[in-house]
Amino acid sequence: FSPLVRGKFGRPYHFYPVVSSTNDVAKELARQGAPEGALVVAEEQTGGRGRLGRAWHSPPGGLWFSLVLRPPVSPAATQSLPVLLSLAVTDGVAAFPLPSVEVKWPNDIVYQGKKVGGILVELGAEAEAVHFVVAGIGLNVNITSFPAPLEKTATSLQKIAGEALSRPQLLSAILAAAERYYSCWCREGFAPFREDYERRLCLLGREVEICCGGSVARGTVAGVDAEGRLVLVSPDGTKRRFVGGEVTFKQK
Ligand code: BT5
């Protein structure tokens, strides 16, 4: 299938019935000079990846794709890209008559606490210069069942809607939103998206635990800052900001 492309996100377009990981294909294309907006889509991934080398279940029926980006920013500034793109994904989903999905900082799309999609941003950078970014997005679209380990934690848009969705239409809507958000982000950073993001954040005001680089912090989520970092208020009232990590709801 192919999306309707109006801007530069989606050109050139590469479709594969099966690949190991669309991120790996896109990285290779980026190293060979692929322009910003180049898109790799696969019907199925045999080695789909999440963060920290975790496996990403990618059977036929989902939307598994990677975009090549060449943002004129420092490597540190790319930390808010997954956050920004998760917002664009919820916009794309909102083009369908579905109950709204939420974002779970930093890179998840969720519905009623279950994961519908995730984002994996990988950098080609050296000596403080970003050569390229590969933004991989995985969305469970027309998937009706999950293997046992994911059964309780994952869901799909088809399960939410009660019917299959048009993937080319969804992909087109996500690409359009992503391109619009990204061009603003390149000029102004994450700050203009803060409020919108917090409105769709399933964590706001919740007590959470965040696991980051081997240490665990607890607190209440106050929101995100102008850099897309999660702001946590500790029990003693101090504010801490996190650039990445694993957030879980605190057991009462
Ligand atoms: C992510 O990682 O959520 C990023 C997923 C990015 C996938 C896209 S697909 C296109 C591109 N090509 C790739 O190879 N990757 C990108 P993380 O936050 O680390 O979450 C990974 C965890 O989510 C796993 O350990 C599982 O628990 C769970 N999981 C795996 N597959 C899932 C699925 N299809 N739906 C929901 N949860 C899943």
# chains A, B, ... in the order shown; residues from 1 in each chain; ligands from 1
call {"tool": "residues_near_ligand", "arguments": {"ligand": "ligand 1", "cutoff": "6 Å", "atoms": "only C-alpha atoms and all ligand atoms", "output": "PDB file with N, CA, C and O atoms, in the first residue's frame"}}
result
ATOM      1  N   SER A  21      13.994  -4.790  10.134  1.00  0.00           N
ATOM      2  CA  SER A  21      13.510  -3.594  10.838  1.00  0.00           C
ATOM      3  C   SER A  21      13.543  -2.425   9.856  1.00  0.00           C
ATOM      4  O   SER A  21      14.569  -2.193   9.200  1.00  0.00           O
ATOM      5  N   THR A  22      12.436  -1.697   9.753  1.00  0.00           N
ATOM      6  CA  THR A  22      12.410  -0.538   8.838  1.00  0.00           C
ATOM      7  C   THR A  22      13.436   0.504   9.283  1.00  0.00           C
ATOM      8  O   THR A  22      13.957   1.250   8.459  1.00  0.00           O
ATOM      9  N   ASN A  23      13.749   0.565  10.579  1.00  0.00           N
ATOM     10  CA  ASN A  23      14.768   1.513  11.038  1.00  0.00           C
ATOM     11  C   ASN A  23      16.134   1.179  10.441  1.00  0.00           C
ATOM     12  O   ASN A  23      16.881   2.076  10.068  1.00  0.00           O
ATOM     13  N   GLY A  48      11.718  -6.397  14.423  1.00  0.00           N
ATOM     14  CA  GLY A  48      11.282  -5.075  14.884  1.00  0.00           C
ATOM     15  C   GLY A  48      11.858  -4.809  16.271  1.00  0.00           C
ATOM     16  O   GLY A  48      11.919  -5.715  17.104  1.00  0.00           O
ATOM     17  N   ARG A  49      12.306  -3.570  16.501  1.00  0.00           N
ATOM     18  CA  ARG A  49      12.966  -3.243  17.767  1.00  0.00           C
ATOM     19  C   ARG A  49      12.283  -2.107  18.499  1.00  0.00           C
ATOM     20  O   ARG A  49      11.719  -1.205  17.880  1.00  0.00           O
ATOM     21  N   GLY A  50      12.347  -2.171  19.822  1.00  0.00           N
ATOM     22  CA  GLY A  50      11.948  -1.049  20.654  1.00  0.00           C
ATOM     23  C   GLY A  50      13.209  -0.428  21.222  1.00  0.00           C
ATOM     24  O   GLY A  50      14.305  -0.647  20.694  1.00  0.00           O
ATOM     25  N   ARG A  51      13.080   0.326  22.306  1.00  0.00           N
ATOM     26  CA  ARG A  51      14.253   0.924  22.926  1.00  0.00           C
ATOM     27  C   ARG A  51      15.047  -0.150  23.671  1.00  0.00           C
ATOM     28  O   ARG A  51      14.511  -1.200  24.015  1.00  0.00           O
ATOM     29  N   ARG A  54      14.856  -3.974  22.963  1.00  0.00           N
ATOM     30  CA  ARG A  54      13.671  -4.802  23.206  1.00  0.00           C
ATOM     31  C   ARG A  54      12.996  -5.149  21.884  1.00  0.00           C
ATOM     32  O   ARG A  54      13.092  -4.401  20.915  1.00  0.00           O
ATOM     33  N   ALA A  55      12.313  -6.293  21.864  1.00  0.00           N
ATOM     34  CA  ALA A  55      11.677  -6.734  20.620  1.00  0.00           C
ATOM     35  C   ALA A  55      10.340  -6.016  20.424  1.00  0.00           C
ATOM     36  O   ALA A  55       9.629  -5.716  21.388  1.00  0.00           O
ATOM     37  N   TRP A  56      10.034  -5.728  19.166  1.00  0.00           N
ATOM     38  CA  TRP A  56       8.748  -5.109  18.823  1.00  0.00           C
ATOM     39  C   TRP A  56       7.982  -6.069  17.916  1.00  0.00           C
ATOM     40  O   TRP A  56       8.424  -6.389  16.822  1.00  0.00           O
ATOM     41  N   HIS A  57       6.868  -6.544  18.414  1.00  0.00           N
ATOM     42  CA  HIS A  57       6.021  -7.497  17.702  1.00  0.00           C
ATOM     43  C   HIS A  57       5.401  -6.801  16.483  1.00  0.00           C
ATOM     44  O   HIS A  57       4.662  -5.833  16.635  1.00  0.00           O
ATOM     45  N   SER A  58       5.721  -7.274  15.269  1.00  0.00           N
ATOM     46  CA  SER A  58       5.317  -6.554  14.052  1.00  0.00           C
ATOM     47  C   SER A  58       4.730  -7.471  12.981  1.00  0.00           C
ATOM     48  O   SER A  58       5.319  -7.652  11.913  1.00  0.00           O
ATOM     49  N   TRP A  64       4.117  -0.199  10.221  1.00  0.00           N
ATOM     50  CA  TRP A  64       5.523  -0.189  10.680  1.00  0.00           C
ATOM     51  C   TRP A  64       6.302   0.648   9.687  1.00  0.00           C
ATOM     52  O   TRP A  64       6.446   0.252   8.533  1.00  0.00           O
ATOM     53  N   PHE A  65       6.772   1.801  10.111  1.00  0.00           N
ATOM     54  CA  PHE A  65       7.479   2.650   9.140  1.00  0.00           C
ATOM     55  C   PHE A  65       8.565   3.507   9.795  1.00  0.00           C
ATOM     56  O   PHE A  65       8.553   3.722  11.010  1.00  0.00           O
ATOM     57  N   SER A  66       9.492   3.969   8.958  1.00  0.00           N
ATOM     58  CA  SER A  66      10.592   4.805   9.436  1.00  0.00           C
ATOM     59  C   SER A  66      10.824   5.954   8.471  1.00  0.00           C
ATOM     60  O   SER A  66      10.799   5.765   7.253  1.00  0.00           O
ATOM     61  N   ASP A 108       5.241   6.480  23.867  1.00  0.00           N
ATOM     62  CA  ASP A 108       4.151   5.515  23.691  1.00  0.00           C
ATOM     63  C   ASP A 108       2.846   6.173  23.277  1.00  0.00           C
ATOM     64  O   ASP A 108       2.547   7.302  23.668  1.00  0.00           O
ATOM     65  N   LYS A 115      -0.946  -0.378  25.376  1.00  0.00           N
ATOM     66  CA  LYS A 115      -0.090   0.221  24.359  1.00  0.00           C
ATOM     67  C   LYS A 115      -0.598  -0.076  22.947  1.00  0.00           C
ATOM     68  O   LYS A 115      -0.829  -1.222  22.587  1.00  0.00           O
ATOM     69  N   VAL A 116      -0.776   0.983  22.161  1.00  0.00           N
ATOM     70  CA  VAL A 116      -1.251   0.866  20.779  1.00  0.00           C
ATOM     71  C   VAL A 116      -0.080   1.075  19.822  1.00  0.00           C
ATOM     72  O   VAL A 116      -0.084   0.586  18.694  1.00  0.00           O
ATOM     73  N   GLY A 117       0.918   1.839  20.275  1.00  0.00           N
ATOM     74  CA  GLY A 117       2.037   2.108  19.386  1.00  0.00           C
ATOM     75  C   GLY A 117       3.226   2.645  20.147  1.00  0.00           C
ATOM     76  O   GLY A 117       3.126   2.995  21.329  1.00  0.00           O
ATOM     77  N   GLY A 118       4.362   2.696  19.438  1.00  0.00           N
ATOM     78  CA  GLY A 118       5.582   3.196  20.063  1.00  0.00           C
ATOM     79  C   GLY A 118       6.489   3.818  19.012  1.00  0.00           C
ATOM     80  O   GLY A 118       6.302   3.612  17.806  1.00  0.00           O
ATOM     81  N   ILE A 119       7.439   4.590  19.499  1.00  0.00           N
ATOM     82  CA  ILE A 119       8.344   5.317  18.614  1.00  0.00           C
ATOM     83  C   ILE A 119       9.790   5.049  19.009  1.00  0.00           C
ATOM     84  O   ILE A 119      10.119   5.035  20.206  1.00  0.00           O
ATOM     85  N   LEU A 120      10.607   4.817  18.007  1.00  0.00           N
ATOM     86  CA  LEU A 120      12.034   4.582  18.249  1.00  0.00           C
ATOM     87  C   LEU A 120      12.832   5.537  17.377  1.00  0.00           C
ATOM     88  O   LEU A 120      12.858   5.388  16.158  1.00  0.00           O
ATOM     89  N   GLY A 136      11.391   5.814  13.783  1.00  0.00           N
ATOM     90  CA  GLY A 136      10.596   4.609  13.521  1.00  0.00           C
ATOM     91  C   GLY A 136       9.300   4.668  14.306  1.00  0.00           C
ATOM     92  O   GLY A 136       9.307   4.948  15.513  1.00  0.00           O
ATOM     93  N   ILE A 137       8.217   4.406  13.619  1.00  0.00           N
ATOM     94  CA  ILE A 137       6.913   4.448  14.284  1.00  0.00           C
ATOM     95  C   ILE A 137       6.201   3.119  14.055  1.00  0.00           C
ATOM     96  O   ILE A 137       6.133   2.616  12.927  1.00  0.00           O
ATOM     97  N   GLY A 138       5.710   2.549  15.133  1.00  0.00           N
ATOM     98  CA  GLY A 138       4.965   1.290  15.039  1.00  0.00           C
ATOM     99  C   GLY A 138       3.585   1.499  15.638  1.00  0.00           C
ATOM    100  O   GLY A 138       3.452   2.015  16.749  1.00  0.00           O
ATOM    101  N   ASN A 140      -0.196  -0.541  16.142  1.00  0.00           N
ATOM    102  CA  ASN A 140      -1.018  -1.743  15.972  1.00  0.00           C
ATOM    103  C   ASN A 140      -2.332  -1.298  15.344  1.00  0.00           C
ATOM    104  O   ASN A 140      -3.185  -0.740  16.015  1.00  0.00           O
ATOM    105  N   ALA A 154      -1.194  -4.789  25.498  1.00  0.00           N
ATOM    106  CA  ALA A 154      -1.257  -4.174  24.166  1.00  0.00           C
ATOM    107  C   ALA A 154      -2.679  -4.207  23.614  1.00  0.00           C
ATOM    108  O   ALA A 154      -3.477  -5.083  23.965  1.00  0.00           O
TER     109      ALA A 154
END
call {"tool": "residues_around", "arguments": {"residues": "Ala177 in chain A", "least_positions_apart": "5", "cutoff": "10 Å", "atoms": "only C-alpha atoms", "output": "list in words"}}
result
Phe9, Leu85, Leu87, Ala88, Val89, Thr90, Asp91, Gly92, Leu171, Ser172 and Tyr182 of chain A
call {"tool": "select_by_dssp", "arguments": {"residues": "range 15-197 of chain A", "states": "strand (DSSP E or B)", "output": "MDAnalysis selection string"}}
result
chainID A and resid 15:19 39:45 49 55 63:69 102:104 108:111 114:126 129:139 154
call {"tool": "closest_residue", "arguments": {"among": "A:Val103, A:Glu163, A:Lys152, A:Arg11", "to": "Arg200 in chain A", "atoms": "only C-alpha atoms"}}
result
A:Val103
call {"tool": "residues_around", "arguments": {"residues": "Ser183 in chain A", "least_positions_apart": "3", "cutoff": "12 Å", "atoms": "only C-alpha atoms", "output": "MDAnalysis selection string"}}
result
chainID A and resid 7:9 36:37 69:72 81 84:85 176:180 186:190 192
call {"tool": "write_last_selection", "arguments": {"atoms": "C-alpha atoms", "output": "PDB file, in the first residue's frame"}}
result
ATOM      1  CA  GLY A   7       4.554  17.351   1.259  1.00  0.00           C
ATOM      2  CA  LYS A   8       8.086  16.008   1.495  1.00  0.00           C
ATOM      3  CA  PHE A   9       7.477  13.365   4.180  1.00  0.00           C
ATOM      4  CA  GLU A  36      14.795  14.214   4.521  1.00  0.00           C
ATOM      5  CA  GLY A  37      11.334  12.735   4.188  1.00  0.00           C
ATOM      6  CA  LEU A  69      15.069  13.284   9.006  1.00  0.00           C
ATOM      7  CA  ARG A  70      17.927  15.748   8.870  1.00  0.00           C
ATOM      8  CA  PRO A  71      17.139  18.270  11.592  1.00  0.00           C
ATOM      9  CA  PRO A  72      19.453  21.302  11.917  1.00  0.00           C
ATOM     10  CA  LEU A  81      11.569  14.235  18.821  1.00  0.00           C
ATOM     11  CA  LEU A  84       6.767  15.447  19.315  1.00  0.00           C
ATOM     12  CA  LEU A  85       6.119  12.535  16.976  1.00  0.00           C
ATOM     13  CA  ALA A 176       0.911  15.310   7.212  1.00  0.00           C
ATOM     14  CA  ALA A 177       0.739  16.018  10.965  1.00  0.00           C
ATOM     15  CA  ALA A 178       4.350  14.930  11.510  1.00  0.00           C
ATOM     16  CA  GLU A 179       5.641  17.210   8.744  1.00  0.00           C
ATOM     17  CA  ARG A 180       3.692  20.194  10.048  1.00  0.00           C
ATOM     18  CA  CYS A 186      12.994  22.778  13.741  1.00  0.00           C
ATOM     19  CA  ARG A 187      12.411  26.538  14.094  1.00  0.00           C
ATOM     20  CA  GLU A 188      10.992  26.842  17.595  1.00  0.00           C
ATOM     21  CA  GLY A 189      11.730  23.638  19.466  1.00  0.00           C
ATOM     22  CA  PHE A 190       9.210  21.782  21.593  1.00  0.00           C
ATOM     23  CA  PRO A 192       4.840  25.481  21.181  1.00  0.00           C
TER      24      PRO A 192
END
call {"tool": "atom_distance", "arguments": {"atom1": "CA of Val133 in chain A", "atom2": "CA of Tyr16 in chain A"}}
result
20.4 Å
call {"tool": "residues_around", "arguments": {"residues": "Glu43 in chain A", "least_positions_apart": "3", "cutoff": "9 Å", "atoms": "only C-alpha atoms", "output": "PDB file with C-alpha atoms, in the first residue's frame"}}
result
ATOM      1  CA  PHE A   1       0.000   0.000   0.000  1.00  0.00           C
ATOM      2  CA  PHE A  15       7.735  -0.462   0.526  1.00  0.00           C
ATOM      3  CA  TYR A  16       8.829  -3.970   1.561  1.00  0.00           C
ATOM      4  CA  PRO A  17       6.568  -6.966   2.204  1.00  0.00           C
ATOM      5  CA  VAL A  18       9.026  -8.210   4.870  1.00  0.00           C
ATOM      6  CA  VAL A  19      12.116  -6.622   6.431  1.00  0.00           C
ATOM      7  CA  SER A  58       5.317  -6.554  14.052  1.00  0.00           C
ATOM      8  CA  PRO A  59       2.965  -8.973  12.245  1.00  0.00           C
ATOM      9  CA  PRO A  60       1.134  -8.151   8.983  1.00  0.00           C
ATOM     10  CA  GLY A  61      -1.752  -5.720   9.530  1.00  0.00           C
ATOM     11  CA  GLY A  62       0.171  -3.114  11.519  1.00  0.00           C
ATOM     12  CA  LEU A  63       1.738   0.123  10.415  1.00  0.00           C
ATOM     13  CA  TRP A  64       5.523  -0.189  10.680  1.00  0.00           C
TER      14      TRP A  64
END
call {"tool": "closest_atom_pairs", "arguments": {"of": "range 40-136 of chain A", "to": "range 216-235 of chain A", "cutoff": "12 Å", "atoms": "only C-alpha atoms", "output": "Markdown table"}}
result
| residue | atom | partner | partner_atom | distance |
| --- | --- | --- | --- | --- |
| A:Ala76 | CA | A:Glu227 | CA | 9.8 |
| A:Ala77 | CA | A:Glu227 | CA | 7.6 |
| A:Thr78 | CA | A:Glu227 | CA | 9.5 |
| A:Gln79 | CA | A:Gly228 | CA | 7.6 |
| A:Ser80 | CA | A:Gly228 | CA | 5.0 |
| A:Leu81 | CA | A:Gly228 | CA | 8.4 |
| A:Pro82 | CA | A:Gly228 | CA | 9.2 |
| A:Val83 | CA | A:Gly228 | CA | 6.6 |
| A:Leu84 | CA | A:Gly228 | CA | 8.0 |
| A:Leu85 | CA | A:Gly228 | CA | 11.4 |
| A:Ser86 | CA | A:Gly228 | CA | 11.6 |
| A:Leu87 | CA | A:Gly228 | CA | 11.4 |
| A:Lys104 | CA | A:Leu230 | CA | 10.5 |
| A:Trp105 | CA | A:Leu230 | CA | 7.3 |
| A:Pro106 | CA | A:Leu230 | CA | 8.0 |
| A:Asn107 | CA | A:Gly228 | CA | 11.2 |
call {"tool": "closest_residue", "arguments": {"among": "A:Gly33, A:Cys202, A:Gly214, A:Val141", "to": "Gln169 in chain A", "atoms": "only C-alpha atoms"}}
result
A:Val141
call {"tool": "select_by_dssp", "arguments": {"residues": "range 22-205 of chain A", "states": "helix (DSSP H, G or I)", "output": "compact mmCIF listing (two decimals) with N, CA and C atoms, in the first residue's frame"}}
result
# COMPACT_ATOMS: atom_id res chain seq x y z
N THR A 22 12.44 -1.70 9.75
CA THR A 22 12.41 -0.54 8.84
C THR A 22 13.44 0.50 9.28
N ASN A 23 13.75 0.56 10.58
CA ASN A 23 14.77 1.51 11.04
C ASN A 23 16.13 1.18 10.44
N ASP A 24 16.45 -0.11 10.35
CA ASP A 24 17.76 -0.50 9.79
C ASP A 24 17.83 -0.15 8.31
N VAL A 25 16.73 -0.40 7.59
CA VAL A 25 16.71 -0.07 6.16
C VAL A 25 16.84 1.44 5.98
N ALA A 26 16.09 2.20 6.78
CA ALA A 26 16.13 3.67 6.66
C ALA A 26 17.51 4.21 7.03
N LYS A 27 18.17 3.60 8.02
CA LYS A 27 19.51 4.06 8.40
C LYS A 27 20.48 3.86 7.25
N GLU A 28 20.36 2.71 6.60
CA GLU A 28 21.24 2.42 5.47
C GLU A 28 21.00 3.44 4.34
N LEU A 29 19.73 3.71 4.05
CA LEU A 29 19.39 4.70 3.01
C LEU A 29 19.93 6.08 3.40
N ALA A 30 19.81 6.42 4.69
CA ALA A 30 20.28 7.73 5.15
C ALA A 30 21.79 7.83 4.98
N ARG A 31 22.50 6.73 5.30
CA ARG A 31 23.97 6.74 5.13
C ARG A 31 24.35 6.92 3.67
N ARG A 51 13.08 0.33 22.31
CA ARG A 51 14.25 0.92 22.93
C ARG A 51 15.05 -0.15 23.67
N LEU A 52 16.31 0.13 23.92
CA LEU A 52 17.19 -0.77 24.68
C LEU A 52 17.19 -2.20 24.14
N GLY A 53 17.07 -2.31 22.82
CA GLY A 53 17.14 -3.63 22.19
C GLY A 53 15.94 -4.53 22.43
N PRO A 75 22.62 17.03 18.80
CA PRO A 75 22.12 15.72 19.22
C PRO A 75 21.23 15.82 20.46
N ALA A 76 21.58 16.67 21.43
CA ALA A 76 20.79 16.78 22.66
C ALA A 76 19.37 17.25 22.36
N ALA A 77 19.23 18.14 21.38
CA ALA A 77 17.90 18.69 21.08
C ALA A 77 16.97 17.67 20.46
N THR A 78 17.52 16.56 19.94
CA THR A 78 16.66 15.55 19.32
C THR A 78 15.89 14.74 20.37
N GLN A 79 16.22 14.96 21.65
CA GLN A 79 15.54 14.19 22.70
C GLN A 79 14.03 14.40 22.73
N SER A 80 13.58 15.57 22.24
CA SER A 80 12.14 15.79 22.27
C SER A 80 11.44 15.28 21.01
N LEU A 81 12.20 14.72 20.06
CA LEU A 81 11.57 14.23 18.82
C LEU A 81 10.55 13.11 19.03
N PRO A 82 10.89 12.07 19.83
CA PRO A 82 9.86 11.04 20.04
C PRO A 82 8.60 11.61 20.68
N VAL A 83 8.79 12.57 21.57
CA VAL A 83 7.66 13.19 22.26
C VAL A 83 6.79 13.93 21.23
N LEU A 84 7.47 14.70 20.37
CA LEU A 84 6.77 15.45 19.31
C LEU A 84 6.03 14.51 18.37
N LEU A 85 6.72 13.44 17.95
CA LEU A 85 6.12 12.53 16.98
C LEU A 85 4.95 11.75 17.56
N SER A 86 5.02 11.46 18.86
CA SER A 86 3.88 10.74 19.45
C SER A 86 2.63 11.62 19.39
N LEU A 87 2.84 12.92 19.50
CA LEU A 87 1.73 13.86 19.39
C LEU A 87 1.16 13.83 17.95
N ALA A 88 2.06 13.80 16.96
CA ALA A 88 1.62 13.75 15.56
C ALA A 88 0.84 12.47 15.28
N VAL A 89 1.25 11.38 15.92
CA VAL A 89 0.54 10.11 15.70
C VAL A 89 -0.90 10.20 16.24
N THR A 90 -1.05 10.82 17.41
CA THR A 90 -2.42 10.94 17.95
C THR A 90 -3.27 11.83 17.04
N ASP A 91 -2.65 12.80 16.40
CA ASP A 91 -3.36 13.65 15.44
C ASP A 91 -3.84 12.83 14.24
N GLY A 92 -2.95 11.97 13.75
CA GLY A 92 -3.31 11.12 12.61
C GLY A 92 -4.47 10.21 12.96
N VAL A 93 -4.41 9.64 14.16
CA VAL A 93 -5.48 8.73 14.60
C VAL A 93 -6.80 9.51 14.75
N ALA A 148 0.71 -14.20 24.01
CA ALA A 148 0.40 -14.17 25.45
C ALA A 148 1.10 -13.06 26.25
N PRO A 149 2.42 -12.84 26.06
CA PRO A 149 3.05 -11.83 26.92
C PRO A 149 2.49 -10.41 26.70
N LEU A 150 1.89 -10.16 25.51
CA LEU A 150 1.40 -8.81 25.22
C LEU A 150 -0.11 -8.68 25.38
N GLU A 151 -0.76 -9.81 25.55
CA GLU A 151 -2.23 -9.85 25.59
C GLU A 151 -2.82 -8.82 26.56
N LEU A 157 -5.86 -0.53 17.04
CA LEU A 157 -6.92 0.40 16.61
C LEU A 157 -8.14 -0.38 16.14
N GLN A 158 -7.92 -1.54 15.51
CA GLN A 158 -9.06 -2.34 15.08
C GLN A 158 -9.89 -2.81 16.28
N LYS A 159 -9.19 -3.19 17.35
CA LYS A 159 -9.92 -3.61 18.55
C LYS A 159 -10.71 -2.44 19.14
N ILE A 160 -10.13 -1.26 19.10
CA ILE A 160 -10.78 -0.09 19.67
C ILE A 160 -12.00 0.30 18.81
N ALA A 161 -11.80 0.28 17.48
CA ALA A 161 -12.85 0.75 16.56
C ALA A 161 -13.91 -0.31 16.31
N ARG A 167 -5.07 1.70 6.27
CA ARG A 167 -3.71 2.07 6.66
C ARG A 167 -3.10 3.17 5.78
N PRO A 168 -3.35 3.15 4.43
CA PRO A 168 -2.81 4.27 3.64
C PRO A 168 -3.37 5.62 4.11
N GLN A 169 -4.65 5.63 4.46
CA GLN A 169 -5.27 6.88 4.92
C GLN A 169 -4.67 7.32 6.26
N LEU A 170 -4.48 6.36 7.14
CA LEU A 170 -3.91 6.67 8.46
C LEU A 170 -2.47 7.16 8.31
N LEU A 171 -1.70 6.45 7.48
CA LEU A 171 -0.31 6.84 7.26
C LEU A 171 -0.24 8.25 6.67
N SER A 172 -1.12 8.56 5.71
CA SER A 172 -1.13 9.90 5.10
C SER A 172 -1.41 10.95 6.16
N ALA A 173 -2.37 10.68 7.04
CA ALA A 173 -2.73 11.66 8.07
C ALA A 173 -1.58 11.85 9.06
N ILE A 174 -0.89 10.76 9.41
CA ILE A 174 0.24 10.88 10.35
C ILE A 174 1.39 11.65 9.70
N LEU A 175 1.67 11.34 8.44
CA LEU A 175 2.77 12.03 7.75
C LEU A 175 2.50 13.53 7.66
N ALA A 176 1.26 13.89 7.34
CA ALA A 176 0.91 15.31 7.21
C ALA A 176 1.10 16.02 8.56
N ALA A 177 0.60 15.41 9.63
CA ALA A 177 0.74 16.02 10.96
C ALA A 177 2.21 16.08 11.36
N ALA A 178 2.94 14.99 11.11
CA ALA A 178 4.35 14.93 11.51
C ALA A 178 5.15 16.01 10.78
N GLU A 179 4.88 16.21 9.51
CA GLU A 179 5.64 17.21 8.74
C GLU A 179 5.36 18.63 9.25
N ARG A 180 4.09 18.87 9.54
CA ARG A 180 3.69 20.19 10.05
C ARG A 180 4.37 20.46 11.41
N TYR A 181 4.28 19.49 12.30
CA TYR A 181 4.86 19.66 13.63
C TYR A 181 6.38 19.78 13.57
N TYR A 182 6.97 18.95 12.72
CA TYR A 182 8.43 18.89 12.64
C TYR A 182 9.00 20.21 12.12
N SER A 183 8.35 20.81 11.12
CA SER A 183 8.93 22.04 10.57
C SER A 183 8.84 23.16 11.61
N CYS A 184 7.79 23.17 12.40
CA CYS A 184 7.69 24.16 13.49
C CYS A 184 8.75 23.86 14.56
N TRP A 185 8.91 22.58 14.89
CA TRP A 185 9.88 22.15 15.91
C TRP A 185 11.30 22.54 15.51
N CYS A 186 11.64 22.41 14.21
CA CYS A 186 12.99 22.78 13.74
C CYS A 186 13.26 24.26 14.00
N ARG A 187 12.23 25.09 13.89
CA ARG A 187 12.41 26.54 14.09
C ARG A 187 12.31 26.93 15.56
N GLU A 188 11.32 26.33 16.26
CA GLU A 188 10.99 26.84 17.59
C GLU A 188 11.17 25.85 18.74
N ALA A 191 8.67 23.89 22.70
CA ALA A 191 7.83 24.79 23.52
C ALA A 191 6.40 25.00 22.98
N PRO A 192 6.21 25.23 21.66
CA PRO A 192 4.84 25.48 21.18
C PRO A 192 3.90 24.28 21.36
N PHE A 193 4.45 23.10 21.63
CA PHE A 193 3.63 21.88 21.68
C PHE A 193 3.28 21.43 23.10
N ARG A 194 3.89 22.15 24.06
CA ARG A 194 3.76 21.75 25.46
C ARG A 194 2.33 21.53 25.92
N GLU A 195 1.50 22.54 25.70
CA GLU A 195 0.12 22.47 26.23
C GLU A 195 -0.67 21.36 25.57
N ASP A 196 -0.54 21.30 24.24
CA ASP A 196 -1.24 20.28 23.48
C ASP A 196 -0.84 18.89 23.96
N TYR A 197 0.47 18.74 24.20
CA TYR A 197 0.99 17.45 24.64
C TYR A 197 0.43 17.09 26.02
N GLU A 198 0.44 18.07 26.91
CA GLU A 198 -0.05 17.79 28.28
C GLU A 198 -1.53 17.41 28.28
N ARG A 199 -2.29 18.00 27.35
CA ARG A 199 -3.73 17.65 27.26
C ARG A 199 -3.94 16.20 26.88
call {"tool": "closest_residue", "arguments": {"among": "A:Gly162, A:Pro147, A:Pro35, A:Pro12", "to": "Leu98 in chain A", "atoms": "only C-alpha atoms"}}
result
A:Gly162
call {"tool": "closest_residue", "arguments": {"among": "A:Ser74, A:Thr153, A:Asn142, A:Thr46", "to": "Val110 in chain A", "atoms": "only C-alpha atoms"}}
result
A:Thr153
call {"tool": "decode", "arguments": {"residues": "range 130-138 of chain A", "atoms": "N, CA, C and O atoms", "output": "tab-separated table (two decimals), in the first residue's frame"}}
result
chain	number	residue	atom	x	y	z
A	130	VAL	N	24.45	16.30	14.00
A	130	VAL	CA	23.48	15.28	13.61
A	130	VAL	C	23.53	15.13	12.09
A	130	VAL	O	23.27	16.08	11.36
A	131	HIS	N	23.92	13.95	11.62
A	131	HIS	CA	23.90	13.72	10.17
A	131	HIS	C	22.51	13.33	9.71
A	131	HIS	O	22.03	13.77	8.68
A	132	PHE	N	21.91	12.46	10.49
A	132	PHE	CA	20.53	12.08	10.19
A	132	PHE	C	19.87	11.53	11.44
A	132	PHE	O	20.54	11.16	12.41
A	133	VAL	N	18.56	11.49	11.38
A	133	VAL	CA	17.77	10.85	12.43
A	133	VAL	C	16.85	9.88	11.72
A	133	VAL	O	16.32	10.19	10.64
A	134	VAL	N	16.70	8.69	12.27
A	134	VAL	CA	15.69	7.78	11.75
A	134	VAL	C	14.60	7.68	12.81
A	134	VAL	O	14.86	7.33	13.95
A	135	ALA	N	13.39	8.05	12.40
A	135	ALA	CA	12.26	8.01	13.34
A	135	ALA	C	11.37	6.84	12.95
A	135	ALA	O	10.72	6.85	11.90
A	136	GLY	N	11.39	5.81	13.78
A	136	GLY	CA	10.60	4.61	13.52
A	136	GLY	C	9.30	4.67	14.31
A	136	GLY	O	9.31	4.95	15.51
A	137	ILE	N	8.22	4.41	13.62
A	137	ILE	CA	6.91	4.45	14.28
A	137	ILE	C	6.20	3.12	14.06
A	137	ILE	O	6.13	2.62	12.93
A	138	GLY	N	5.71	2.55	15.13
A	138	GLY	CA	4.97	1.29	15.04
A	138	GLY	C	3.59	1.50	15.64
A	138	GLY	O	3.45	2.02	16.75
